[in-house]
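Heads up, the thing below is written out as structure tokens.
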Amino acid sequence: MHIKTTKALVAAGLVADAAGLDAVAAKYAIGITPAISALIDRDDPTDPIARQFVPTTAELKTTADERVDPIGDLAHSPVEGIVHRYPDRVLLKAVHVCPVYCRFCFRREMVGPQGLGTLTPSELDAAIAYIAAHSEIWEVILTGGDPLVLSPRRLREIMVRLADIAHVMIVRFHTRVPVVEPDRVDAAMIEALKASGKTTYLAVHANHPREFSDSARAAVARLVDGGVVLVSQSVLLKGVNDDVETLASLMKTFVENRIKPYYLHHPDLAPGTSHFRMSIAEGQALVRALRGRISGLAQPTYILDIPGGHGKADIGASTITGGDGCFTVRDWQGIEHSYAPD
């Protein structure tokens with residue numbers, strides 16, 4: 001059963017009662033797929049899978065620094081469904097619904113049944129026309145919402161239209177589907193993700209190694225074997241992956257499943273998410289601790305989306321300081337070494 005209400009949470013044994021949660025559900029959508037529900041340990045009050053998807057009353061607390069649009073999408077949206085923040089790429093937000101609703105989502109004010117919905121045919125036409133009119137756009141990133149909730153027919157229609165735009169070379173999808181609803185990833189969907197003359201990338205969002213069930217691993221294998229290039233994205237979350245052992249295991253699990261670790265996001269300042277955030281210094285220490293413990297293949301880039309729409313910044317811990325030919329370099333164990341050219 002796909003869980004979408006507080007009553008269903010109680011029936012599934014995910015919460016003891018719905019006290020206070022109706023107020024949360026009125027603000028932020030609930031969505032837990034059968035695949036995710038099966039992964040949750042009902043006997044563990046700190047279960048990291050539950051923490052990501054089961055609502056709590058902590059979401060009703062909004063801090064002064066939190067924002068409805070924390071990364072400034074709206075400031076860079078020239079037409080509905082398009083975010084054009086960087087010269088050579090755009091986001092195409094065709095849909096604003098998801099199979100699951102993460103409790104830390106930075107677009108939580110925009111997604112869900114009460115969110116911005118799916119682009120109308122005329123809005124999609126205008127978005128595609130915008131991409132076609134801007135020859136600097138090399139990459140189109142389908143996000144939302146989760147674009148893989150669309151049927152293969154709808155996905156294919158979008159890819160066919162992008163295939164007709166010569167300057168677009170890369171199409172990237174951001175999705176949770178391979179891990180939260182793996183059975184959707186079938187031959188029809190994989191074929192729909194590809195277009196003649198374009199290279200398709202798919203960024204798989206997962207935050208804990210336990211999300212890689214046997215079914216999820218099989219779905220990922222179908223994508224890779226079908227010719228789709230996979231990269232990862234994760235969010236650094238307190239109580240989910242904020243220790244070096246879990247984070248290292250997650251990154252190694254990506255690599256073992258032929259997914260190249262890409263972005264590790266510092267949590268954005270979305271309303272009601274302060275209980276997920278740690279300090280940047282704590283995040284830097286975790287990322288630094290990965291170096292030397294796991295292969296270079298498994299190292300993500302630690303990213304902050306600068307509030308206000310100013311784009312991403314690499315905030316991985318600095319390992320070199322100094323100047324004028326005299327530097328101090330810090331290794332993965334925290335030991336400092338002098339470096340001066342001969």
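Each chain in the structure tokens gets a letter, A, B and so on, in the order shown; residues start at 1 in every chain, and ligands are counted from 1 in the order they appear.
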Please return as an NGL selection string: the residues of stretch 174-277 of chain A that backbone DSSP assigns to alpha helix (DSSP H). :A and (177-180 or 187-192 or 214-225 or 244-256)
Go ahead and write the residues just picked, C-alpha atoms, as a tab-separated table (two decimals), in the first residue's frame.
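Listing of out01.tsv after writing:
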chain	number	residue	atom	x	y	z
A	177	VAL	CA	12.56	6.09	-8.35
A	178	PRO	CA	15.25	3.37	-8.73
A	179	VAL	CA	15.46	2.98	-4.94
A	180	VAL	CA	11.94	3.91	-3.80
A	187	ALA	CA	12.43	-1.76	-20.47
A	188	ALA	CA	9.83	0.78	-21.66
A	189	MET	CA	11.04	3.43	-19.22
A	190	ILE	CA	14.71	2.86	-20.03
A	191	GLU	CA	14.06	3.16	-23.73
A	192	ALA	CA	12.07	6.36	-23.15
A	214	ASP	CA	17.84	-6.29	-3.95
A	215	SER	CA	15.09	-4.78	-6.08
A	216	ALA	CA	16.81	-1.39	-6.13
A	217	ARG	CA	20.11	-2.96	-7.14
A	218	ALA	CA	18.35	-4.81	-9.96
A	219	ALA	CA	16.69	-1.60	-11.17
A	220	VAL	CA	20.02	0.21	-11.19
A	221	ALA	CA	21.60	-2.67	-13.12
A	222	ARG	CA	18.84	-2.47	-15.74
A	223	LEU	CA	19.54	1.23	-16.24
A	224	VAL	CA	23.30	0.82	-16.58
A	225	ASP	CA	22.98	-2.20	-18.86
A	244	VAL	CA	31.87	8.38	8.67
A	245	GLU	CA	31.07	4.65	8.66
A	246	THR	CA	27.58	5.14	7.20
A	247	LEU	CA	28.71	7.78	4.74
A	248	ALA	CA	31.61	5.63	3.55
A	249	SER	CA	29.33	2.61	3.17
A	250	LEU	CA	26.85	4.68	1.15
A	251	MET	CA	29.49	5.93	-1.26
A	252	LYS	CA	31.00	2.47	-1.67
A	253	THR	CA	27.53	1.07	-2.32
A	254	PHE	CA	27.06	3.59	-5.12
A	255	VAL	CA	30.33	2.54	-6.73
A	256	GLU	CA	29.59	-1.17	-6.33
With stretch 260-264 of chain A as the partner and 10 Å as the cut-off, tabulate the residues of stretch 287-314 of chain A that qualify, each row holding the nearest pair of atoms and their distance in Å to one decimal, using only C-alpha atoms, sorted by chain and rising number, as a tab-separated table.
residue	atom	partner	partner_atom	distance
A:Val287	CA	A:Leu264	CA	9.1
A:Gly296	CA	A:Pro261	CA	9.8
A:Leu297	CA	A:Lys260	CA	7.2
A:Ala298	CA	A:Pro261	CA	5.7
A:Gln299	CA	A:Pro261	CA	6.3
A:Pro300	CA	A:Tyr262	CA	5.0
A:Thr301	CA	A:Tyr263	CA	5.0
A:Tyr302	CA	A:Leu264	CA	4.8
A:Ile303	CA	A:Leu264	CA	5.9
A:Leu304	CA	A:Leu264	CA	8.8
A:Asp314	CA	A:Tyr263	CA	9.5
Residues within 9 Å of A:Glu109, only C-alpha atoms, excluding chain neighbours under 2 positions, as a compact mmCIF listing (two decimals) with N, CA, C and O atoms, in the first residue's frame:
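Final output, saved to result-v8.txt:
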# COMPACT_ATOMS: atom_id res chain seq x y z
N LYS A 27 0.44 20.83 5.75
CA LYS A 27 1.45 21.70 5.16
C LYS A 27 2.32 20.99 4.13
O LYS A 27 2.67 21.56 3.09
N TYR A 28 2.68 19.73 4.43
CA TYR A 28 3.66 19.03 3.61
C TYR A 28 3.16 17.63 3.27
O TYR A 28 2.70 16.89 4.14
N VAL A 68 11.05 29.71 2.06
CA VAL A 68 10.12 28.95 1.22
C VAL A 68 10.82 28.46 -0.04
O VAL A 68 10.59 27.34 -0.51
N ASP A 69 11.69 29.29 -0.62
CA ASP A 69 12.44 28.94 -1.83
C ASP A 69 13.93 29.04 -1.49
O ASP A 69 14.60 30.00 -1.87
N CYS A 105 12.98 17.87 2.19
CA CYS A 105 12.99 18.34 0.80
C CYS A 105 13.10 19.86 0.72
O CYS A 105 12.37 20.60 1.38
N PHE A 106 13.99 20.35 -0.14
CA PHE A 106 14.18 21.79 -0.29
C PHE A 106 13.09 22.42 -1.15
O PHE A 106 12.96 23.65 -1.19
N ARG A 107 12.31 21.60 -1.85
CA ARG A 107 11.17 22.12 -2.64
C ARG A 107 9.84 21.70 -2.01
O ARG A 107 8.83 21.62 -2.69
N VAL A 111 6.07 20.92 -4.03
CA VAL A 111 5.73 19.59 -4.52
C VAL A 111 4.54 19.01 -3.76
O VAL A 111 4.18 19.50 -2.68
N GLY A 112 3.97 17.94 -4.33
CA GLY A 112 2.86 17.27 -3.67
C GLY A 112 1.52 17.63 -4.29
O GLY A 112 1.44 18.47 -5.21
N GLN A 114 -0.80 19.47 -3.34
CA GLN A 114 -1.15 20.88 -3.23
C GLN A 114 -0.05 21.78 -3.78
O GLN A 114 -0.07 23.00 -3.59
N GLY A 115 0.92 21.19 -4.48
CA GLY A 115 2.04 21.95 -5.01
C GLY A 115 1.75 22.55 -6.37
O GLY A 115 0.59 22.83 -6.71
N LEU A 116 2.79 22.70 -7.18
CA LEU A 116 2.65 23.38 -8.46
C LEU A 116 2.11 22.49 -9.56
O LEU A 116 1.80 22.97 -10.65
N ALA A 270 15.23 24.83 4.12
CA ALA A 270 13.80 24.67 3.86
C ALA A 270 13.03 24.73 5.17
O ALA A 270 13.52 24.29 6.21
N PRO A 271 11.81 25.24 5.15
CA PRO A 271 11.03 25.36 6.38
C PRO A 271 10.82 24.01 7.07
O PRO A 271 10.54 22.99 6.42
For A:Asp44, which residue out of A:Asp73, A:Leu150, A:Lys93, A:Leu14 is the nearest one, using only C-alpha atoms?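 Under the stated criterion, the closest residue is A:Leu14.
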Considering only C-alpha atoms, can you say which of A:Val160, A:Cys102, A:Leu193, A:Leu155 comes closest to A:Val235?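 Residue with the minimum atom-to-atom distance to A:Val235: A:Cys102.
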Can you tell me, as a ChimeraX atom specification, what residues are no more than 10 Å from A:Ile30 when counting only C-alpha atoms, ignoring any on the same chain fewer than 6 positions away? /A:2-6,9,24,53-55,98-103,112-113
Strand (DSSP E or B) residues, from DSSP on the backbone, in stretch 151-335 of chain A, as a ChimeraX atom specification: /A:170-175,199-205,229-235,260-265,291,294,301-305,312-314,320-323,326-330
For those residues, write C-alpha atoms to a file as a PDB file, in the first residue's frame.
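New file out.pdb:
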ATOM      1  CA  ILE A 170      23.085  16.151 -22.493  1.00  0.00           C
ATOM      2  CA  VAL A 171      19.804  15.249 -20.795  1.00  0.00           C
ATOM      3  CA  ARG A 172      19.987  14.514 -17.089  1.00  0.00           C
ATOM      4  CA  PHE A 173      17.271  13.121 -14.824  1.00  0.00           C
ATOM      5  CA  HIS A 174      17.202  13.617 -11.035  1.00  0.00           C
ATOM      6  CA  THR A 175      15.232  10.842  -9.382  1.00  0.00           C
ATOM      7  CA  THR A 199      23.695  11.390 -23.899  1.00  0.00           C
ATOM      8  CA  THR A 200      21.453  10.542 -20.960  1.00  0.00           C
ATOM      9  CA  TYR A 201      22.643  10.829 -17.383  1.00  0.00           C
ATOM     10  CA  LEU A 202      20.572   9.863 -14.386  1.00  0.00           C
ATOM     11  CA  ALA A 203      21.331  11.102 -10.876  1.00  0.00           C
ATOM     12  CA  VAL A 204      20.138   8.556  -8.308  1.00  0.00           C
ATOM     13  CA  HIS A 205      19.232  10.093  -4.946  1.00  0.00           C
ATOM     14  CA  VAL A 229      25.071   6.745 -17.247  1.00  0.00           C
ATOM     15  CA  LEU A 230      24.473   6.989 -13.496  1.00  0.00           C
ATOM     16  CA  VAL A 231      25.777   9.474 -10.936  1.00  0.00           C
ATOM     17  CA  SER A 232      24.711   9.961  -7.329  1.00  0.00           C
ATOM     18  CA  GLN A 233      23.324  12.703  -5.201  1.00  0.00           C
ATOM     19  CA  SER A 234      22.844  12.561  -1.453  1.00  0.00           C
ATOM     20  CA  VAL A 235      22.044  14.962   1.350  1.00  0.00           C
ATOM     21  CA  LYS A 260      29.640   7.454  -9.728  1.00  0.00           C
ATOM     22  CA  PRO A 261      29.424   9.511  -6.516  1.00  0.00           C
ATOM     23  CA  TYR A 262      28.741  13.093  -7.525  1.00  0.00           C
ATOM     24  CA  TYR A 263      27.139  15.523  -5.061  1.00  0.00           C
ATOM     25  CA  LEU A 264      26.808  15.396  -1.281  1.00  0.00           C
ATOM     26  CA  HIS A 265      24.534  18.315  -0.433  1.00  0.00           C
ATOM     27  CA  ARG A 291      39.728  10.708   2.305  1.00  0.00           C
ATOM     28  CA  ILE A 294      37.677   4.862   0.790  1.00  0.00           C
ATOM     29  CA  THR A 301      31.851  16.704  -3.828  1.00  0.00           C
ATOM     30  CA  TYR A 302      30.442  18.442  -0.746  1.00  0.00           C
ATOM     31  CA  ILE A 303      28.110  21.154  -2.017  1.00  0.00           C
ATOM     32  CA  LEU A 304      26.233  24.099  -0.578  1.00  0.00           C
ATOM     33  CA  ASP A 305      23.475  25.749  -2.600  1.00  0.00           C
ATOM     34  CA  LYS A 312      26.450  25.883  -5.805  1.00  0.00           C
ATOM     35  CA  ALA A 313      29.746  26.146  -3.947  1.00  0.00           C
ATOM     36  CA  ASP A 314      32.209  23.353  -3.186  1.00  0.00           C
ATOM     37  CA  ILE A 320      46.030  23.554   1.782  1.00  0.00           C
ATOM     38  CA  THR A 321      46.773  27.008   3.173  1.00  0.00           C
ATOM     39  CA  GLY A 322      49.546  29.539   2.680  1.00  0.00           C
ATOM     40  CA  GLY A 323      51.085  31.400  -0.237  1.00  0.00           C
ATOM     41  CA  CYS A 326      55.219  28.199   1.215  1.00  0.00           C
ATOM     42  CA  PHE A 327      52.197  26.052   1.930  1.00  0.00           C
ATOM     43  CA  THR A 328      50.867  23.797   4.653  1.00  0.00           C
ATOM     44  CA  VAL A 329      49.034  20.719   3.415  1.00  0.00           C
ATOM     45  CA  ARG A 330      46.822  18.623   5.681  1.00  0.00           C
TER      46      ARG A 330
END
Give me the residues near A:Asp331 as number ranges by chain, where near means some atom within 9 Å (using only C-alpha atoms) and where sequence neighbours in that chain fewer than 5 positions away do not count. A: 288, 291-292, 319, 336-337
Expected file contents, prior selection, C-alpha atoms, as an mmCIF file, in the first residue's frame:
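Once written, again-v3.cif looks like this:
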data_model
loop_
_atom_site.group_PDB
_atom_site.id
_atom_site.type_symbol
_atom_site.label_atom_id
_atom_site.label_comp_id
_atom_site.auth_asym_id
_atom_site.auth_seq_id
_atom_site.Cartn_x
_atom_site.Cartn_y
_atom_site.Cartn_z
ATOM 1 C CA ARG A 288 37.708 14.977 5.218
ATOM 2 C CA ARG A 291 39.728 10.708 2.305
ATOM 3 C CA GLY A 292 42.074 7.782 2.801
ATOM 4 C CA THR A 319 43.492 20.941 2.802
ATOM 5 C CA GLU A 336 50.026 18.961 8.543
ATOM 6 C CA HIS A 337 53.000 18.934 6.152
#
Could you name the residues that touch A:Ala16 at 12 Å or less, counting only C-alpha atoms, but leaving out those on the same chain fewer than 3 positions away, as a list in words? Thr6, Lys7, Ala8, Leu9, Val10, Ala11, Ala12, Gly13, Ala19, Gly20, Leu21, Arg42, Asp43, Pro45, Val54 and Thr56 of chain A
A:Ala94, A:Leu119, A:Ala285, A:Ala129 ranked by distance to A:Ile141, top pick (using only C-alpha atoms):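 Of the candidates, the smallest distance to A:Ile141 is held by A:Ala94.
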Which polymer residues have any atom within 12 Å of an atom of A:Gln52, counting only C-alpha atoms, with same-chain residues fewer than 5 positions away left out, as an NGL selection string? :A and (30-32 or 36-37 or 39-40 or 46-47 or 59 or 100-105 or 180 or 206-208 or 211 or 234-241 or 273 or 275-276)
Please produce a file of the residues just selected, as a PDB file, in the first residue's frame, where the atoms kept are C-alpha atoms.
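New file part.pdb:
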ATOM      1  CA  ILE A  30       3.181  12.447   2.820  1.00  0.00           C
ATOM      2  CA  GLY A  31       4.319   9.660   0.515  1.00  0.00           C
ATOM      3  CA  ILE A  32       5.897   6.320   1.341  1.00  0.00           C
ATOM      4  CA  ILE A  36      10.434   2.003   1.382  1.00  0.00           C
ATOM      5  CA  SER A  37       7.907   0.883   3.974  1.00  0.00           C
ATOM      6  CA  LEU A  39      12.853  -1.215   4.666  1.00  0.00           C
ATOM      7  CA  ILE A  40      11.769   0.573   7.844  1.00  0.00           C
ATOM      8  CA  THR A  46      16.020   6.049  15.308  1.00  0.00           C
ATOM      9  CA  ASP A  47      15.705   4.093  12.063  1.00  0.00           C
ATOM     10  CA  GLU A  59       8.500  19.885  10.962  1.00  0.00           C
ATOM     11  CA  VAL A 100       7.885   9.599  -1.887  1.00  0.00           C
ATOM     12  CA  TYR A 101       8.092  12.883  -0.014  1.00  0.00           C
ATOM     13  CA  CYS A 102      11.361  13.400   1.822  1.00  0.00           C
ATOM     14  CA  ARG A 103      10.917  15.221   5.100  1.00  0.00           C
ATOM     15  CA  PHE A 104      13.980  17.390   4.369  1.00  0.00           C
ATOM     16  CA  CYS A 105      12.990  18.342   0.799  1.00  0.00           C
ATOM     17  CA  VAL A 180      11.943   3.913  -3.802  1.00  0.00           C
ATOM     18  CA  ALA A 206      19.933   7.870  -1.933  1.00  0.00           C
ATOM     19  CA  ASN A 207      21.093   8.774   1.565  1.00  0.00           C
ATOM     20  CA  HIS A 208      21.668   5.468   3.351  1.00  0.00           C
ATOM     21  CA  GLU A 211      18.075   1.950   0.550  1.00  0.00           C
ATOM     22  CA  SER A 234      22.844  12.561  -1.453  1.00  0.00           C
ATOM     23  CA  VAL A 235      22.044  14.962   1.350  1.00  0.00           C
ATOM     24  CA  LEU A 236      24.091  15.016   4.540  1.00  0.00           C
ATOM     25  CA  LEU A 237      21.433  14.457   7.211  1.00  0.00           C
ATOM     26  CA  LYS A 238      21.643  14.395  10.985  1.00  0.00           C
ATOM     27  CA  GLY A 239      20.477  11.015  12.255  1.00  0.00           C
ATOM     28  CA  VAL A 240      20.689   9.396   8.812  1.00  0.00           C
ATOM     29  CA  ASN A 241      24.256   9.461   7.466  1.00  0.00           C
ATOM     30  CA  THR A 273      13.987  21.015   8.481  1.00  0.00           C
ATOM     31  CA  HIS A 275      16.364  18.957  12.931  1.00  0.00           C
ATOM     32  CA  PHE A 276      18.203  17.512   9.921  1.00  0.00           C
TER      33      PHE A 276
END
In Å, with one decimal, what is the gap from atom CA of A:His134 to atom CA of A:Asp146?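 Separating atom CA of A:His134 from atom CA of A:Asp146 is a distance of 24.6 Å.
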